[in-house]
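Written below as structure tokens is the structure these notes are about.
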Amino acid sequence: MSGFIVIRTGGPIVWSSVRQEHTSRSSCEAEVRATDECAKEVLLIRHRGQDIGLDDTTAPTKLFNDNQASWTGAKLQPLPE
């Protein structure tokens, strides 16, 4: 299972909890996959925000993850297919 929540101005605007499509070989790999899905959703929200004229769609987005190893692994190598 993977999940994420996107909060804007103090309230949730998007959330997801789904079973991952691929079997991960480690919790680190599972976290990287979940973080990737969240990042894709954030980019989609930014594009939608630009479409409706929001002015803060270029500001940095904080993305939190509770698995430090996944951040290290994501920076060093791509996910295996």
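Chain labels run A, B, ... following the order of the structure tokens; each chain numbers its residues from 1, and ligands are numbered from 1 in the order shown.
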Surrounding residues of A:Ile5 excluding itself and chain neighbours under 3 positions, 9 Å, only C-alpha atoms, as JSON, numbers by chain | {"A": [12, 13, 14, 15, 16, 17, 38]}
Store the residues picked out above in a file with N, CA, C and O atoms, as a short mmCIF file (atom, residue, chain, number, x, y, z; two decimals), in the first residue's frame.
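Below is the file part_2.cif, written as the result:
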```cif
data_model
loop_
_atom_site.label_atom_id
_atom_site.label_comp_id
_atom_site.auth_asym_id
_atom_site.auth_seq_id
_atom_site.Cartn_x
_atom_site.Cartn_y
_atom_site.Cartn_z
N PRO A 12 -6.51 19.57 3.08
CA PRO A 12 -6.21 18.58 2.04
C PRO A 12 -6.98 18.88 0.75
O PRO A 12 -8.16 19.21 0.78
N ILE A 13 -6.28 18.79 -0.39
CA ILE A 13 -6.95 18.98 -1.67
C ILE A 13 -6.90 17.72 -2.53
O ILE A 13 -7.72 17.54 -3.41
N VAL A 14 -5.89 16.86 -2.28
CA VAL A 14 -5.77 15.59 -3.00
C VAL A 14 -5.20 14.57 -2.03
O VAL A 14 -4.31 14.88 -1.24
N TRP A 15 -5.72 13.36 -2.09
CA TRP A 15 -5.16 12.28 -1.29
C TRP A 15 -5.36 10.97 -2.03
O TRP A 15 -6.23 10.86 -2.88
N SER A 16 -4.50 10.02 -1.70
CA SER A 16 -4.58 8.73 -2.37
C SER A 16 -4.03 7.65 -1.45
O SER A 16 -3.07 7.86 -0.73
N SER A 17 -4.65 6.50 -1.49
CA SER A 17 -4.17 5.32 -0.81
C SER A 17 -4.49 4.14 -1.72
O SER A 17 -5.66 3.81 -1.90
N CYS A 38 3.48 10.81 -5.88
CA CYS A 38 3.10 12.07 -5.25
C CYS A 38 3.65 13.26 -6.05
O CYS A 38 2.94 14.24 -6.28
#
```
Secondary structure check, strand (DSSP E or B) residues of chain A, as a list in words = Ser2, Gly3, Phe4, Ile5, Val6, Ile7, Arg8, Gly11, Pro12, Ile13, Val14, Trp15, Ser16, Ser17 and Val18 of chain A
Report as a count of residues only: the residues of chain A with a DSSP assignment of helix (DSSP H, G or I), based on the backbone of this structure.
-> 34
Selection: 12 Å around stretch 47-58 of chain A, only C-alpha atoms, excl. self and same-chain fewer than 4 positions, as JSON, numbers by chain | {"A": [8, 9, 40, 41, 42, 43]}
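The gap separating atom CA of A:Gln68 from atom CA of A:Val6 is 19.9 Å, in Å to one decimal.
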So how many Å separate atom CA of A:Arg46 and atom CA of A:Val18, to one decimal?
-> 22.2 Å
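With only C-alpha atoms as the atoms that count, the residue of A:Thr72, A:Ala59, A:Glu21, A:Asn65 with the shortest distance to A:Thr35 is A:Asn65.
For the choices A:Arg19, A:Ala30, A:Ile7, A:Ile45, the atom-to-atom distance to A:Asn67 is smallest for A:Ala30 when using only C-alpha atoms.
With only C-alpha atoms as the atoms that count, the residue of A:Cys28, A:Phe4, A:Ala39, A:Gly11 with the shortest distance to A:Thr61 is A:Ala39.
The interatomic distance for the pair atom CA of A:Leu44 and atom CA of A:Met1 works out to 21.8 Å.
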